[in-house]
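What's in input.csv: CSV, C-alpha atoms (C1' of nucleotides)
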chain,number,residue,atom,x,y,z
A,59,MET,CA,114.2,108.6,79.8
A,60,ASP,CA,114.1,105.6,77.5
A,61,SER,CA,111.3,104.7,75.2
A,62,ASN,CA,111.6,101.4,76.9
A,63,ASP,CA,110.6,103.0,80.1
A,64,ALA,CA,107.5,104.4,78.4
A,65,LEU,CA,106.6,100.9,77.2
A,66,LEU,CA,107.1,99.4,80.7
A,67,ASP,CA,104.9,102.2,82.0
A,68,ALA,CA,102.1,101.5,79.6
A,69,ALA,CA,102.4,97.7,80.1
A,70,PHE,CA,102.3,97.8,83.9
A,71,THR,CA,99.5,100.4,83.8
A,72,ALA,CA,97.6,98.1,81.5
A,73,LEU,CA,97.9,95.2,83.9
A,74,ALA,CA,97.1,97.3,86.9
A,75,ASP,CA,93.3,96.9,86.3
A,76,PRO,CA,91.4,93.7,87.1
A,77,VAL,CA,89.2,94.1,84.0
A,78,ARG,CA,92.2,94.3,81.7
A,79,ARG,CA,93.8,91.4,83.5
A,80,ARG,CA,90.7,89.3,82.9
A,81,ILE,CA,90.7,90.3,79.3
A,82,ILE,CA,94.3,89.1,79.0
A,83,ALA,CA,93.3,85.8,80.6
A,84,ARG,CA,90.5,85.4,78.2
A,85,LEU,CA,92.7,86.2,75.2
A,86,SER,CA,95.2,83.6,76.2
A,87,ARG,CA,92.6,81.1,75.2
A,88,GLY,CA,92.3,82.6,71.7
A,89,PRO,CA,91.3,85.9,70.0
A,90,ALA,CA,87.9,87.5,70.7
A,91,THR,CA,85.9,90.5,69.7
A,92,VAL,CA,85.0,93.4,71.8
A,93,ASN,CA,81.4,92.2,72.3
A,94,GLU,CA,82.7,88.8,73.4
A,95,LEU,CA,85.2,90.3,75.8
A,96,ALA,CA,82.6,92.7,77.2
A,97,GLU,CA,80.0,90.0,77.9
A,98,PRO,CA,81.2,88.8,81.3
A,99,PHE,CA,81.5,92.3,82.6
A,100,ALA,CA,78.8,94.6,84.1
A,101,ILE,CA,80.1,97.6,82.2
A,102,THR,CA,79.3,99.0,78.7
A,103,LYS,CA,81.0,97.9,75.6
A,104,GLN,CA,82.4,101.4,75.2
A,105,ALA,CA,84.2,101.0,78.5
A,106,VAL,CA,85.6,97.6,77.4
A,107,SER,CA,86.7,99.2,74.1
A,108,LYS,CA,88.6,101.8,76.1
A,109,HIS,CA,90.3,99.1,78.1
A,110,ILE,CA,91.3,97.3,74.9
A,111,GLN,CA,92.8,100.6,73.6
A,112,VAL,CA,94.9,100.8,76.8
A,113,LEU,CA,96.1,97.2,76.2
A,114,GLU,CA,96.8,98.0,72.5
A,115,GLN,CA,98.8,101.1,73.4
A,116,ALA,CA,100.9,98.9,75.6
A,117,GLN,CA,101.3,96.5,72.7
A,118,LEU,CA,100.0,93.7,74.9
A,119,VAL,CA,97.3,93.0,72.3
A,120,THR,CA,96.8,93.7,68.6
A,121,ARG,CA,93.6,94.1,66.5
A,122,THR,CA,92.9,92.7,63.1
A,123,ARG,CA,90.0,93.3,60.7
A,124,ASP,CA,87.5,90.7,59.8
A,125,ALA,CA,84.5,92.4,58.1
A,126,GLN,CA,82.9,94.6,60.7
A,127,ARG,CA,84.5,92.5,63.5
A,128,ARG,CA,87.8,93.5,65.1
A,129,PRO,CA,89.2,90.4,66.7
A,130,VAL,CA,91.7,91.1,69.5
A,131,HIS,CA,94.8,89.0,69.8
A,132,LEU,CA,97.2,88.5,72.7
A,133,ASN,CA,100.8,89.5,72.1
A,134,PRO,CA,102.9,87.2,74.3
A,135,ALA,CA,106.1,88.9,73.4
A,136,ARG,CA,105.2,92.0,75.4
A,137,LEU,CA,104.5,89.9,78.4
A,138,GLU,CA,107.9,88.4,78.2
A,139,ALA,CA,109.4,91.9,78.3
A,140,LEU,CA,107.7,92.4,81.6
A,141,THR,CA,109.0,89.3,83.2
A,142,ALA,CA,112.4,90.2,81.9
A,143,TRP,CA,112.2,93.5,83.8
A,144,ILE,CA,111.0,91.9,87.0
A,145,ASP,CA,113.6,89.2,86.8
A,146,GLN,CA,116.3,91.8,87.2
A,147,TYR,CA,115.2,92.4,90.7
A,148,ARG,CA,113.4,89.2,91.6
A,149,LEU,CA,116.6,87.2,91.3
A,150,VAL,CA,118.0,89.5,93.9
A,151,ARG,CA,120.7,88.3,96.2
A,152,GLU,CA,119.0,87.7,99.4
A,153,GLY,CA,122.4,86.8,100.9
A,154,GLN,CA,123.9,90.1,99.9
A,155,PHE,CA,121.5,92.4,101.4
A,156,ARG,CA,120.9,90.3,104.5
A,157,SER,CA,124.5,90.6,105.3
A,158,LEU,CA,124.4,94.3,104.9
A,159,ASP,CA,121.4,94.3,107.2
A,160,ALA,CA,123.4,92.5,109.8
A,161,VAL,CA,126.2,95.1,109.6
A,162,LEU,CA,123.8,97.9,110.0
A,163,HIS,CA,122.1,96.4,113.0
A,164,SER,CA,125.3,94.8,114.3
A,165,SER,CA,123.4,93.5,117.3
A,166,ALA,CA,125.1,90.2,117.1
A,167,ALA,CA,128.7,89.2,116.5
A,168,ALA,CA,127.9,87.1,113.5
A,169,SER,CA,130.3,84.2,113.7
A,170,GLY,CA,129.1,82.2,110.7
A,171,THR,CA,125.6,83.5,111.3
A,172,GLN,CA,123.4,82.5,108.4
A,173,ALA,CA,120.8,84.7,106.9
A,174,LYS,CA,117.8,84.9,109.1
A,175,ASP,CA,114.5,83.8,107.6
A,176,PRO,CA,112.2,86.8,107.1
A,177,SER,CA,108.9,86.6,108.9
B,42,MET,CA,91.3,84.5,94.2
B,43,ASP,CA,89.7,87.8,95.2
B,44,SER,CA,92.2,88.7,97.8
B,45,ASN,CA,94.9,87.5,95.5
B,46,ASP,CA,93.4,89.7,92.8
B,47,ALA,CA,93.6,92.6,95.2
B,48,LEU,CA,97.3,91.9,95.8
B,49,LEU,CA,97.9,91.7,92.0
B,50,ASP,CA,96.1,94.9,91.6
B,51,ALA,CA,98.2,96.7,94.2
B,52,ALA,CA,101.4,95.2,92.8
B,53,PHE,CA,100.9,96.1,89.2
B,54,THR,CA,99.6,99.5,90.2
B,55,ALA,CA,102.7,100.0,92.2
B,56,LEU,CA,105.0,99.1,89.3
B,57,ALA,CA,103.0,101.2,86.9
B,58,ASP,CA,104.9,104.3,87.9
B,59,PRO,CA,108.5,105.1,86.8
B,60,VAL,CA,109.4,106.6,90.1
B,61,ARG,CA,108.4,103.5,92.0
B,62,ARG,CA,110.1,101.3,89.5
B,63,ARG,CA,113.3,103.2,90.1
B,64,ILE,CA,112.8,102.8,93.8
B,65,ILE,CA,112.5,99.1,93.3
B,66,ALA,CA,115.7,99.1,91.2
B,67,ARG,CA,117.5,101.0,93.9
B,68,LEU,CA,116.3,98.7,96.7
B,69,SER,CA,117.5,95.7,94.8
B,70,ARG,CA,121.0,96.9,95.7
B,71,GLY,CA,120.2,97.0,99.3
B,72,PRO,CA,117.9,98.8,101.8
B,73,ALA,CA,117.6,102.5,101.9
B,74,THR,CA,115.9,105.3,103.8
B,75,VAL,CA,113.3,107.6,102.5
B,76,ASN,CA,115.8,110.4,102.3
B,77,GLU,CA,118.2,108.3,100.3
B,78,LEU,CA,115.5,107.1,98.0
B,79,ALA,CA,114.2,110.7,97.5
B,80,GLU,CA,117.6,112.1,96.6
B,81,PRO,CA,117.8,111.3,92.9
B,82,PHE,CA,114.3,112.6,92.3
B,83,ALA,CA,113.1,116.2,91.7
B,84,ILE,CA,110.1,115.7,93.9
B,85,THR,CA,109.6,116.3,97.6
B,86,LYS,CA,110.4,113.6,100.2
B,87,GLN,CA,106.7,113.6,101.1
B,88,ALA,CA,105.9,112.5,97.6
B,89,VAL,CA,108.5,109.7,97.8
B,90,SER,CA,107.1,108.7,101.1
B,91,LYS,CA,103.7,108.3,99.5
B,92,HIS,CA,105.3,106.2,96.7
B,93,ILE,CA,106.8,103.9,99.3
B,94,GLN,CA,103.4,103.6,101.0
B,95,VAL,CA,102.0,102.4,97.7
B,96,LEU,CA,104.9,99.9,97.4
B,97,GLU,CA,104.4,98.8,101.0
B,98,GLN,CA,100.7,98.3,100.5
B,99,ALA,CA,101.5,96.0,97.6
B,100,GLN,CA,103.9,94.2,99.9
B,101,LEU,CA,106.7,94.8,97.5
B,102,VAL,CA,108.7,96.4,100.2
B,103,THR,CA,108.8,96.4,104.0
B,104,ARG,CA,109.9,98.9,106.5
B,105,THR,CA,111.9,98.3,109.6
B,106,ARG,CA,112.9,100.6,112.5
B,107,ASP,CA,116.4,101.7,113.2
B,108,ALA,CA,116.3,104.6,115.7
B,109,GLN,CA,114.6,107.4,113.8
B,110,ARG,CA,115.4,105.9,110.5
B,111,ARG,CA,113.0,103.7,108.7
B,112,PRO,CA,115.0,101.6,106.2
B,113,VAL,CA,113.0,100.2,103.3
B,114,HIS,CA,113.7,96.7,102.1
B,115,LEU,CA,112.7,94.9,98.9
B,116,ASN,CA,110.5,91.9,99.1
B,117,PRO,CA,111.5,89.6,96.3
B,118,ALA,CA,108.8,87.1,97.1
B,119,ARG,CA,106.1,89.5,95.9
B,120,LEU,CA,107.9,90.0,92.6
B,121,GLU,CA,107.9,86.3,92.1
B,122,ALA,CA,104.1,86.3,92.5
B,123,LEU,CA,103.9,88.7,89.6
B,124,THR,CA,106.1,86.7,87.2
B,125,ALA,CA,104.0,83.7,88.2
B,126,TRP,CA,100.9,85.5,87.1
B,127,ILE,CA,102.3,86.7,83.9
B,128,ASP,CA,103.8,83.3,83.1
B,129,GLN,CA,100.3,81.8,82.9
B,130,TYR,CA,99.7,83.7,79.8
B,131,ARG,CA,103.2,84.5,78.5
B,132,LEU,CA,103.9,80.8,78.1
B,133,VAL,CA,100.8,80.7,76.1
B,134,ARG,CA,100.5,78.3,73.4
B,135,GLU,CA,101.5,80.1,70.4
B,136,GLY,CA,101.3,76.8,68.8
B,137,GLN,CA,97.9,76.1,70.0
B,138,PHE,CA,96.2,79.1,68.9
B,139,ARG,CA,98.1,79.4,65.7
B,140,SER,CA,96.8,75.9,64.9
B,141,LEU,CA,93.3,77.0,65.9
B,142,ASP,CA,93.8,79.9,63.5
B,143,ALA,CA,94.8,77.5,60.8
B,144,VAL,CA,91.8,75.3,61.3
B,145,LEU,CA,89.5,78.3,61.1
B,146,HIS,CA,91.1,79.5,58.0
B,147,SER,CA,91.0,76.1,56.3
B,148,SER,CA,87.4,75.6,57.1
B,149,ALA,CA,86.4,77.5,54.0
B,150,ALA,CA,89.0,77.1,51.3
B,151,ALA,CA,92.4,78.8,51.5
B,152,SER,CA,92.5,82.4,50.3
B,153,GLY,CA,90.3,85.4,51.1
B,154,THR,CA,88.4,83.9,54.0
B,155,GLN,CA,89.2,85.2,57.4
B,156,ALA,CA,89.1,83.2,60.6
B,157,LYS,CA,86.1,83.7,62.8
B,158,ASP,CA,86.4,83.8,66.6
B,159,PRO,CA,86.0,80.7,68.6
B,160,SER,CA,84.5,81.6,72.0
C,41,DG,C1',116.6,121.4,128.6
C,42,DC,C1',116.9,123.1,123.2
C,43,DC,C1',117.7,122.3,118.4
C,44,DT,C1',118.3,119.3,114.4
C,45,DT,C1',117.2,115.4,111.6
C,46,DA,C1',114.0,111.7,109.8
C,47,DA,C1',109.7,110.7,108.5
C,48,DA,C1',104.8,110.6,108.8
C,49,DC,C1',100.3,113.1,108.8
C,50,DA,C1',96.8,116.4,107.0
C,51,DA,C1',94.7,119.4,103.9
C,52,DC,C1',94.6,120.8,99.4
C,53,DC,C1',94.9,121.0,94.2
C,54,DA,C1',95.3,119.7,89.1
C,55,DA,C1',95.3,116.0,86.1
C,56,DG,C1',94.1,111.6,84.6
C,57,DA,C1',91.4,107.2,84.7
C,58,DG,C1',87.2,104.7,84.5
C,59,DG,C1',82.7,105.0,83.7
C,60,DT,C1',78.3,106.7,81.4
C,61,DT,C1',75.1,108.2,77.4
C,62,DG,C1',74.5,109.6,72.7
C,63,DA,C1',76.0,109.9,68.0
C,64,DT,C1',78.6,108.1,64.1
C,65,DA,C1',80.8,104.8,60.7
C,66,DA,C1',81.4,100.6,58.2
C,67,DA,C1',80.1,96.0,56.8
C,68,DG,C1',76.5,92.4,55.9
C,69,DC,C1',71.7,91.0,55.2
C,70,DA,C1',66.5,91.7,54.2
D,113,DT,C1',67.7,100.6,49.3
D,114,DG,C1',66.8,100.3,54.4
D,115,DC,C1',68.0,97.8,58.7
D,116,DT,C1',71.0,95.4,61.9
D,117,DT,C1',75.4,94.4,63.9
D,118,DT,C1',79.9,95.7,65.4
D,119,DA,C1',82.7,99.0,67.1
D,120,DT,C1',84.5,103.6,67.6
D,121,DC,C1',84.2,108.6,68.7
D,122,DA,C1',82.7,112.6,71.5
D,123,DA,C1',81.3,114.9,75.6
D,124,DC,C1',80.7,114.7,80.2
D,125,DC,C1',80.9,113.2,85.1
D,126,DT,C1',83.1,111.4,89.3
D,127,DC,C1',86.8,109.5,91.9
D,128,DT,C1',91.6,108.5,92.3
D,129,DT,C1',96.4,109.7,91.9
D,130,DG,C1',100.6,112.3,92.1
D,131,DG,C1',102.1,116.3,93.6
D,132,DT,C1',102.4,120.4,96.8
D,133,DT,C1',102.9,123.0,101.5
D,134,DG,C1',102.5,123.0,106.3
D,135,DT,C1',102.3,120.7,110.7
D,136,DT,C1',103.5,117.0,114.0
D,137,DT,C1',105.9,113.1,116.1
D,138,DA,C1',110.0,110.7,117.3
D,139,DA,C1',114.9,110.1,118.1
D,140,DG,C1',119.6,111.9,118.8
D,141,DG,C1',123.2,115.5,119.4
D,142,DC,C1',124.5,119.8,121.8
For the structure just supplied, provide its representation as structure tokens.
Amino acid sequence: MDSNDALLDAAFTALADPVRRRIIARLSRGPATVNELAEPFAITKQAVSKHIQVLEQAQLVTRTRDAQRRPVHLNPARLEALTAWIDQYRLVREGQFRSLDAVLHSSAAASGTQAKDPS
Amino acid sequence: MDSNDALLDAAFTALADPVRRRIIARLSRGPATVNELAEPFAITKQAVSKHIQVLEQAQLVTRTRDAQRRPVHLNPARLEALTAWIDQYRLVREGQFRSLDAVLHSSAAASGTQAKDPS
DNA sequence: GCCTTAAACAACCAAGAGGTTGATAAAGCA
DNA sequence: TGCTTTATCAACCTCTTGGTTGTTTAAGGC
């Protein structure tokens, strides 16, 4: 459908891995190289490099050149796009669909019945 | 921490699929059955049922019983947990790390020298 | 009772993701 | 010029995921 959908896809996929989430967390404290990012993990640098490629493809990070180093930077703008998407549904009208629920179950004649608290 | 990490993992994994995101969007307008959710898609109901299982495992949706129907409900609380996680890094200190960048640049004259990584 | 509907379960398959090892490229230092 | 560091590329392997078909359970409707 949209290209926006493809970007959402890439971004959520990128965050769906604990290693990549830890990389994001680390980068929020400043840029880092692949070697630095790989250090806390028990996997090879090649594997970390692949993870960074996934993050880069999702535009969650960018890479610059500094001699033979390739510092990775966080791109907070993309993270904002994710919260924007989630907020569409997160803000959702508890009231509205609780009342619909009440109708469907209709087990009680709701005279001013308030929304029940979910368990 | 770890259990929370597992939940984050499940939730982001769940949102990393366009079909599941559309299911979320649909559910934000009220509960629906598997058949209703499957209707707009060109895949089998079994496949949709699996998608719902993934969403349920991530606690993004819940299922109730209504005779032989199993209406699926959105769980906005879990979505909030996701934005909470992202906000940790989204709010990130552009200022802070821009200034850090500036410091590193200025440490060796202005032009030509690139910033080195902190860590 | 019998038949339909709603939905889950089970086995299976193709494709992709995460990981490895090994080789390669580019930049800096001896 | 080598040699080291940094990081990517290229195969390859294994496990998971998204999908299928077929069967089974559960609840109503006739």
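Nearest-residue note for DA122 (chain D): choosing from C:DA50, C:DC43, C:DG56, C:DG62, the minimum distance belongs to C:DG62, counting all atoms listed in the file.
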Practice item. Output as a PyMOL selection string the set of chain D residues within 10 Å of chain A, with distances taken over only C-alpha atoms (C1' of nucleotides). Key: chain D and resi 117-121
Revision key, fill the gap. Shortest contact to chain C, candidates A:Ala74, A:Ala64, A:Leu85, A:Ala105, atoms counted all atoms listed in the file, goes to A:Ala105
Practice item. Output the contact residues of chain A with respect to chain B at a cut-off of 6 Å, based on all atoms listed in the file, as a list in words. Key: Asp67, Phe70, Thr71, Ala74, Ser86, Gly88, Ala90, Pro134, Leu137, Thr141, Tyr147, Arg148 and Phe155 of chain A
Check your understanding: When you draw a straight line from CA of Ile101 (chain A) to CA of Leu113 (chain A), how long is it in Å?
Key ->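 So the two atoms, CA of Ile101 (chain A) and CA of Leu113 (chain A), lie 17.1 Å apart.
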Check your understanding: Quick one, how far is C1' of DG68 (chain C) from C1' of DT113 (chain D)?
Key ->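 Separating C1' of DG68 (chain C) from C1' of DT113 (chain D) is a distance of 13.7 Å.
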Residues of chain C that approach chain B to 9 Å or less, counting all atoms listed in the file: could you list each one with the shortest pair of atoms and its distance in Å to one decimal, rows by chain and increasing residue number, as CSV?
residue,atom,partner,partner_atom,distance
C:DT45,C1',B:Gln109,CA,8.7
C:DA46,C1',B:Gln109,CA,5.9
C:DA47,C1',B:Val75,CA,7.7
C:DA48,C1',B:Ser90,CA,8.3
Point to revise | Shell of 12 Å around DC142 (chain D), only C-alpha atoms (C1' of nucleotides), local chain residues under 5 positions omitted, as a list in words | key: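 So, after excluding close chain neighbours, the residues are DG41, DC42, DC43 and DT44 of chain C.
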Point to revise | Residues near DC53 (chain C), cut-off 12 Å, all atoms listed in the file, skip fewer than 4 positions along chain, as a list in words | key: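 Contacts, in chain order: DT129, DG130, DG131, DT132 and DT133 of chain D.
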Check your understanding: Do you have the C1' of DG114 (chain D)-CA of Thr102 (chain A) distance handy?
Key ->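 Between C1' of DG114 (chain D) and CA of Thr102 (chain A) the gap is 27.4 Å.
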Study note, to complete from the structure: For Ile110 (chain A), the closest of A:Leu65, A:Val130, A:Arg123, A:Arg80 counting only C-alpha atoms is A:Val130
